[in-house]
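Visitor: You'll find final_32.txt just under this line, and it carries compact mmCIF, C-alpha atoms.
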# COMPACT_ATOMS: atom_id res chain seq x y z
CA MET O 1 79.83 61.10 116.90
CA LEU O 2 81.69 58.24 115.22
CA HIS O 3 80.94 57.42 111.62
CA ASP O 4 78.83 54.32 111.03
CA ILE O 5 80.93 52.87 108.22
CA GLN O 6 82.76 49.64 107.57
CA PHE O 7 86.50 49.55 108.16
CA ARG O 8 87.45 48.82 104.56
CA GLU O 9 85.27 51.60 103.18
CA ALA O 10 86.18 54.25 105.75
CA PRO O 11 89.65 55.27 104.52
CA LEU O 12 88.62 55.62 100.85
CA MET O 13 85.34 57.41 101.55
CA GLU O 14 86.97 59.79 104.03
CA ILE O 15 89.84 60.55 101.64
CA ILE O 16 87.31 61.46 98.94
CA GLY O 17 85.48 63.57 101.52
CA TYR O 18 88.62 65.49 102.44
CA ILE O 19 89.44 66.08 98.76
CA LEU O 20 85.96 67.41 98.12
CA SER O 21 86.36 69.68 101.16
CA VAL O 22 88.96 71.61 99.16
CA PHE O 23 86.32 72.17 96.46
CA ILE O 24 83.85 73.36 99.10
CA GLY O 25 86.23 76.21 99.85
CA ILE O 26 86.99 76.82 96.18
CA SER O 27 83.26 77.02 95.45
CA LEU O 28 82.73 79.62 98.18
CA GLY O 29 85.71 81.69 97.08
CA LEU O 30 84.98 81.41 93.38
CA ILE O 31 81.21 81.89 93.22
CA GLY O 32 80.25 83.11 96.72
CA GLY O 33 78.01 80.13 97.37
CA GLY O 34 77.63 76.43 96.85
CA GLY O 35 79.56 75.58 99.99
CA SER O 36 76.58 74.06 101.76
CA ILE O 37 75.43 72.44 98.54
CA LEU O 38 78.63 70.42 98.66
CA THR O 39 79.12 70.25 102.42
CA VAL O 40 75.81 68.64 103.39
CA PRO O 41 76.02 65.83 100.77
CA VAL O 42 79.69 65.20 101.64
CA LEU O 43 78.90 64.90 105.35
CA VAL O 44 75.85 62.71 104.73
CA TYR O 45 77.04 60.43 101.92
CA LEU O 46 80.81 60.22 102.52
CA PHE O 47 81.27 60.80 106.26
CA HIS O 48 77.89 59.18 107.06
CA PHE O 49 76.47 61.75 109.44
CA GLU O 50 72.72 62.02 109.89
CA PRO O 51 71.28 64.90 107.78
CA ALA O 52 70.15 66.88 110.85
CA LEU O 53 73.65 66.74 112.36
CA ALA O 54 75.23 67.38 108.95
CA THR O 55 73.28 70.64 108.64
CA SER O 56 74.70 71.76 111.99
CA TYR O 57 78.27 70.86 111.04
CA SER O 58 77.75 72.55 107.67
CA LEU O 59 76.87 75.83 109.39
CA PHE O 60 80.17 75.80 111.29
CA ILE O 61 82.34 74.81 108.32
CA VAL O 62 80.69 77.10 105.79
CA GLY O 63 80.37 80.02 108.20
CA LEU O 64 84.02 80.24 109.20
CA THR O 65 85.24 79.41 105.70
CA SER O 66 83.08 82.24 104.36
CA LEU O 67 84.57 84.57 106.97
CA ALA O 68 88.03 83.94 105.51
CA GLY O 69 86.64 84.59 102.03
CA THR O 70 84.85 87.75 103.18
CA ILE O 71 88.07 89.24 104.54
CA TYR O 72 89.83 88.56 101.23
CA GLN O 73 86.95 89.95 99.10
CA TYR O 74 86.58 93.04 101.29
CA SER O 75 90.25 93.84 100.78
CA LYS O 76 89.52 93.87 97.03
CA GLY O 77 86.42 96.09 97.37
CA TYR O 78 83.89 93.38 96.49
CA VAL O 79 81.63 93.48 99.60
CA ASN O 80 78.44 95.59 99.55
CA ILE O 81 77.90 96.23 103.26
CA LYS O 82 74.54 98.00 102.77
CA ALA O 83 72.99 95.09 100.88
CA ALA O 84 74.43 92.58 103.35
CA LEU O 85 72.99 94.38 106.38
CA SER O 86 69.59 94.74 104.70
CA PHE O 87 69.43 90.96 104.45
CA GLY O 88 70.87 90.52 107.91
CA LEU O 89 68.13 92.47 109.69
CA THR O 90 65.70 89.58 109.30
CA SER O 91 67.75 86.59 108.19
CA VAL O 92 69.98 86.36 111.28
CA ALA O 93 67.06 86.43 113.74
CA THR O 94 65.16 83.90 111.63
CA VAL O 95 68.11 81.50 111.50
CA PHE O 96 68.56 81.59 115.26
CA VAL O 97 64.88 80.98 116.03
CA VAL O 98 64.62 78.13 113.52
CA ARG O 99 67.77 76.32 114.75
CA LYS O 100 67.07 76.89 118.44
CA TYR O 101 63.34 76.17 118.60
CA LEU O 102 61.71 75.02 115.34
CA LEU O 103 64.10 72.33 114.07
CA PRO O 104 64.37 70.41 117.39
CA ALA O 105 60.55 70.37 117.57
CA ILE O 106 60.09 68.65 114.17
CA PRO O 107 59.47 64.90 114.67
CA ASP O 108 61.78 62.36 113.06
CA GLN O 109 58.84 60.73 111.23
CA LEU O 110 56.63 63.24 109.44
CA MET O 111 54.03 60.97 107.79
CA ARG O 112 53.43 57.47 106.50
CA PHE O 113 51.84 56.18 103.28
CA GLY O 114 51.31 52.45 103.72
CA THR O 115 54.77 50.97 104.08
CA PHE O 116 56.48 54.20 102.97
CA THR O 117 57.58 56.57 105.72
CA VAL O 118 58.57 60.20 105.16
CA THR O 119 61.31 61.08 107.66
CA LYS O 120 62.61 64.48 108.66
CA SER O 121 66.02 63.63 107.17
CA SER O 122 64.70 62.62 103.75
CA ALA O 123 62.28 65.57 103.60
CA MET O 124 65.11 68.00 104.39
CA MET O 125 67.28 66.62 101.59
CA VAL O 126 64.45 66.64 99.01
CA PHE O 127 63.51 70.21 99.97
CA PHE O 128 67.17 71.16 99.72
CA ALA O 129 67.40 69.69 96.20
CA ALA O 130 64.18 71.35 95.03
CA LEU O 131 65.41 74.80 96.08
CA MET O 132 68.73 74.14 94.37
CA LEU O 133 66.98 73.32 91.08
CA ALA O 134 64.87 76.49 91.24
CA ALA O 135 67.87 78.69 92.02
CA SER O 136 70.01 77.11 89.30
CA VAL O 137 67.41 77.75 86.59
CA SER O 138 67.13 81.41 87.60
CA MET O 139 70.89 81.84 87.24
CA ILE O 140 71.26 79.93 83.97
CA LEU O 141 68.31 81.66 82.27
CA GLY O 142 68.56 85.02 84.08
CA HIS O 143 69.10 88.29 82.27
CA ARG O 144 72.42 90.06 82.16
CA GLU O 145 73.48 92.27 85.03
CA LYS O 146 71.56 95.53 85.30
CA HIS O 147 72.54 98.93 86.52
CA ARG O 148 72.86 99.66 90.21
CA ASN O 149 70.09 102.29 90.23
CA GLN O 150 67.45 99.54 89.76
CA GLN O 151 67.86 98.17 93.26
CA ALA O 152 65.14 96.45 95.26
CA ASN O 153 63.61 98.50 98.08
CA LEU O 154 64.24 97.84 101.75
CA PRO O 155 60.92 96.07 102.54
CA LYS O 156 61.54 93.61 99.72
CA LEU O 157 65.07 92.95 100.98
CA LEU O 158 63.73 92.34 104.50
CA ILE O 159 61.20 89.80 103.21
CA ILE O 160 63.83 88.08 101.08
CA GLY O 161 66.13 87.99 104.11
CA LEU O 162 63.37 86.28 106.10
CA GLY O 163 63.05 83.59 103.44
CA ILE O 164 66.79 83.02 103.20
CA GLY O 165 67.03 82.85 106.99
CA LEU O 166 64.32 80.18 107.03
CA VAL O 167 66.17 78.11 104.43
CA THR O 168 69.49 78.55 106.23
CA GLY O 169 67.96 77.51 109.53
CA LEU O 170 66.14 74.45 108.23
CA LEU O 171 68.77 73.11 105.85
CA GLY O 172 72.04 74.22 107.41
CA ALA O 173 72.79 76.00 104.17
CA GLY O 174 74.53 79.36 104.26
CA GLY O 175 72.11 80.43 101.55
CA GLY O 176 74.62 81.33 98.85
CA PHE O 177 72.77 79.33 96.22
CA LEU O 178 69.77 81.60 96.88
CA ILE O 179 71.57 84.82 97.86
CA ILE O 180 73.56 85.06 94.62
CA PRO O 181 70.47 84.91 92.34
CA VAL O 182 68.70 87.46 94.57
CA LEU O 183 71.61 89.91 94.56
CA VAL O 184 72.15 89.60 90.81
CA LEU O 185 68.58 89.32 89.52
CA LEU O 186 66.62 91.39 92.07
CA VAL O 187 69.09 93.77 93.70
CA HIS O 188 71.01 94.14 90.42
CA ILE O 189 74.57 94.31 91.68
CA PRO O 190 77.46 92.92 89.62
CA ILE O 191 78.19 89.23 90.02
CA LYS O 192 81.67 89.71 91.48
CA GLU O 193 80.36 92.13 94.10
CA ALA O 194 77.46 89.75 94.76
CA ILE O 195 80.00 87.00 95.47
CA GLY O 196 81.79 89.01 98.16
CA THR O 197 78.52 90.23 99.65
CA SER O 198 77.14 86.70 99.68
CA LEU O 199 80.13 85.47 101.66
CA PHE O 200 79.52 88.15 104.30
CA ILE O 201 75.82 87.23 104.60
CA ILE O 202 76.66 83.52 104.72
CA THR O 203 79.17 84.14 107.51
CA ILE O 204 76.62 85.91 109.71
CA ASN O 205 73.77 83.47 109.05
CA SER O 206 75.87 80.33 109.47
CA VAL O 207 77.63 81.36 112.67
CA ILE O 208 74.37 82.46 114.32
CA GLY O 209 72.70 79.25 113.18
CA PHE O 210 75.48 77.13 114.66
CA ILE O 211 75.28 79.01 117.96
CA GLY O 212 71.58 78.13 118.02
CA ASP O 213 72.52 74.45 117.71
CA ILE O 214 74.85 74.39 120.70
CA GLY O 215 73.29 72.21 123.36
CA HIS O 216 71.16 70.30 120.86
CA VAL O 217 73.83 68.28 119.03
CA ALA O 218 77.01 66.37 119.83
CA ILE O 219 79.97 68.19 118.29
CA ASP O 220 83.11 66.42 117.05
CA TRP O 221 85.48 69.39 117.28
CA PRO O 222 88.64 67.66 115.97
CA PHE O 223 86.77 66.58 112.84
CA LEU O 224 85.25 70.04 112.29
CA LEU O 225 88.61 71.79 112.68
CA ARG O 226 90.28 69.40 110.21
CA ILE O 227 87.62 70.10 107.58
CA LEU O 228 87.71 73.84 108.34
CA GLY O 229 91.46 74.04 107.74
CA ILE O 230 91.05 72.34 104.36
CA THR O 231 88.11 74.50 103.24
CA ILE O 232 89.85 77.75 104.22
CA CYS O 233 92.75 76.82 101.93
CA GLY O 234 90.17 76.22 99.21
CA VAL O 235 88.37 79.56 99.66
CA ILE O 236 91.65 81.45 99.30
CA ILE O 237 92.40 79.56 96.07
CA GLY O 238 88.89 80.14 94.73
CA SER O 239 88.90 83.87 95.54
CA ALA O 240 92.18 84.33 93.71
CA ILE O 241 90.98 82.42 90.64
CA GLY O 242 87.66 84.28 90.52
CA ARG O 243 89.36 87.63 89.94
CA HIS O 244 90.43 86.46 86.48
CA ILE O 245 87.12 84.98 85.25
CA PRO O 246 84.40 87.11 83.51
CA GLY O 247 81.27 87.71 85.60
CA GLU O 248 78.82 86.19 83.11
CA ARG O 249 80.82 82.98 82.99
CA LEU O 250 80.87 82.83 86.80
CA ARG O 251 77.11 83.25 86.99
CA SER O 252 76.41 80.59 84.38
CA GLY O 253 78.93 78.18 85.89
CA PHE O 254 77.37 78.66 89.31
CA GLY O 255 73.94 77.81 87.90
CA TRP O 256 75.09 74.61 86.21
CA CYS O 257 76.98 73.49 89.33
CA VAL O 258 73.89 73.92 91.49
CA LEU O 259 71.68 72.20 88.91
CA THR O 260 73.94 69.14 88.74
CA MET O 261 74.13 68.72 92.50
CA GLY O 262 70.38 69.25 92.90
CA ILE O 263 69.57 66.52 90.38
CA TYR O 264 72.01 64.15 92.09
CA ILE O 265 70.56 64.66 95.57
CA LEU O 266 66.96 64.43 94.33
CA SER O 267 67.59 61.22 92.40
CA ARG O 268 69.46 59.65 95.31
CA GLU O 269 66.75 60.44 97.85
CA LEU O 270 63.78 59.47 95.65
CA PHE O 271 65.15 56.51 93.70
Please render this file's structure as structure tokens.
Guide:
Amino acid sequence: MLHDIQFREAPLMEIIGYILSVFIGISLGLIGGGGSILTVPVLVYLFHFEPALATSYSLFIVGLTSLAGTIYQYSKGYVNIKAALSFGLTSVATVFVVRKYLLPAIPDQLMRFGTFTVTKSSAMMVFFAALMLAASVSMILGHREKHRNQQANLPKLLIIGLGIGLVTGLLGAGGGFLIIPVLVLLVHIPIKEAIGTSLFIITINSVIGFIGDIGHVAIDWPFLLRILGITICGVIIGSAIGRHIPGERLRSGFGWCVLTMGIYILSRELF
């Protein structure tokens, strides 16, 4: 799909988009999330894709970028396979069902209030922003990391995985902005291990979600591969930097990053 943008604006907007793509990868490598938080707005506001298509492209970009980050983090011992698979039991199936059957069935116009129409695209972005605000507050105000023996039980992890799968499927978000708070605040694993584990979960959810989209959307493969190459460079940079930053600072920085982007998206969509 070609971008609906004027000739004079296209080069500048796309250049900014490609620059921000580096930071998408850095965000994933540094804090194990935030990739979709940046990817969806970049695709919508800079490359001018429709939100529904942007969520699909986001799944591909974030999923394969996270795979590169997962490989790096696993080599450093920062991936908790048990926690990742506990989420994956429900989240992967949920993502696939939502992308394959639920999302295509949602009408483009949801409701109308007089002259004001609520569209699927605007509702998705507002919902996205609201979840980002909630997750950011939990990370900024959350307690310090607890000991590993206070882990959540399997049924709770399965239910949480269902919720994250629903969000990933609807919003095209890998779920890192929700997975990190869950792993740190509920499962009680250290932030740096949560980052590596989050990347693994994001990889599985995003790739399955994108597979569910095949046949429903037009895919611009050259564009996706260009962005993917840039974001993979970013995730390697971010992973290397993250090894030298204290965990508490990473957690707080993640929260403020999500909060800022959530406020921006909400204000843009509503006002």
Visitor: Please report the interatomic distance between CA of Thr55 (chain O) and CA of Leu103 (chain O) in Å with one decimal.
Guide: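 If I compute the distance from CA of Thr55 (chain O) to CA of Leu103 (chain O), I get 10.8 Å.
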Visitor: When distances are computed from all atoms listed in the file, which of O:Ala129, O:Ala68, O:Leu186, O:Ile15 shows the smallest separation from Val40 (chain O)?
Guide: O:Ala129
Visitor: Kindly indicate which residue among O:Ile140, O:Ile24, O:Ile227, O:Thr168 lies nearest to Trp256 (chain O), using all atoms listed in the file for the distances.
Guide: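 Nearest candidate to Trp256 (chain O) out of O:Ile140, O:Ile24, O:Ile227, O:Thr168: O:Ile140.
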Visitor: From the list O:Leu166, O:Leu199, O:Leu225, O:Val137, which residue is nearest Leu185 (chain O) when using all atoms listed in the file?
Guide: O:Val137
Visitor: I'd like to know which of O:Leu133, O:Val182, O:Ile26, O:Val207 is closest to Leu59 (chain O), using all atoms listed in the file.
Guide: O:Val207
Visitor: Using only C-alpha atoms, which residues sit within 7 Å of region 81-89 of chain O once same-chain residues fewer than 5 positions away are excluded, as a list in words?
Guide: Leu154, Leu157, Leu158, Gly161, Thr197, Phe200 and Ile201 of chain O
Visitor: CA of Gly196 (chain O) and CA of Thr65 (chain O) are how many Å apart?
Guide: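 Atom-to-atom, CA of Gly196 (chain O) to CA of Thr65 (chain O), that is 12.7 Å.
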Visitor: Pick the closest to Ile159 (chain O) from O:Thr90, O:Ile71, O:Ser122, O:Ile180: which is it, counting all atoms listed in the file?
Guide: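 Going through O:Thr90, O:Ile71, O:Ser122, O:Ile180 one by one, the smallest distance to Ile159 (chain O) is for O:Thr90.
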Visitor: Considering only C-alpha atoms, can you say which of O:His48, O:Arg99, O:Arg112, O:Lys76 comes closest to Ile214 (chain O)?
Guide: O:Arg99
Visitor: Which residues, written as a ChimeraX atom specification, have at least one atom at most 12 Å from Val118 (chain O), with only C-alpha atoms counted and residues fewer than 4 positions away on the same chain left out?
Guide: /O:107-114,122-126,269-270
Visitor: Between CA of Arg243 (chain O) and CA of Ser27 (chain O), what distance in Å does the model show, to one decimal?
Guide: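 Here the two named atoms are 13.4 Å from each other.
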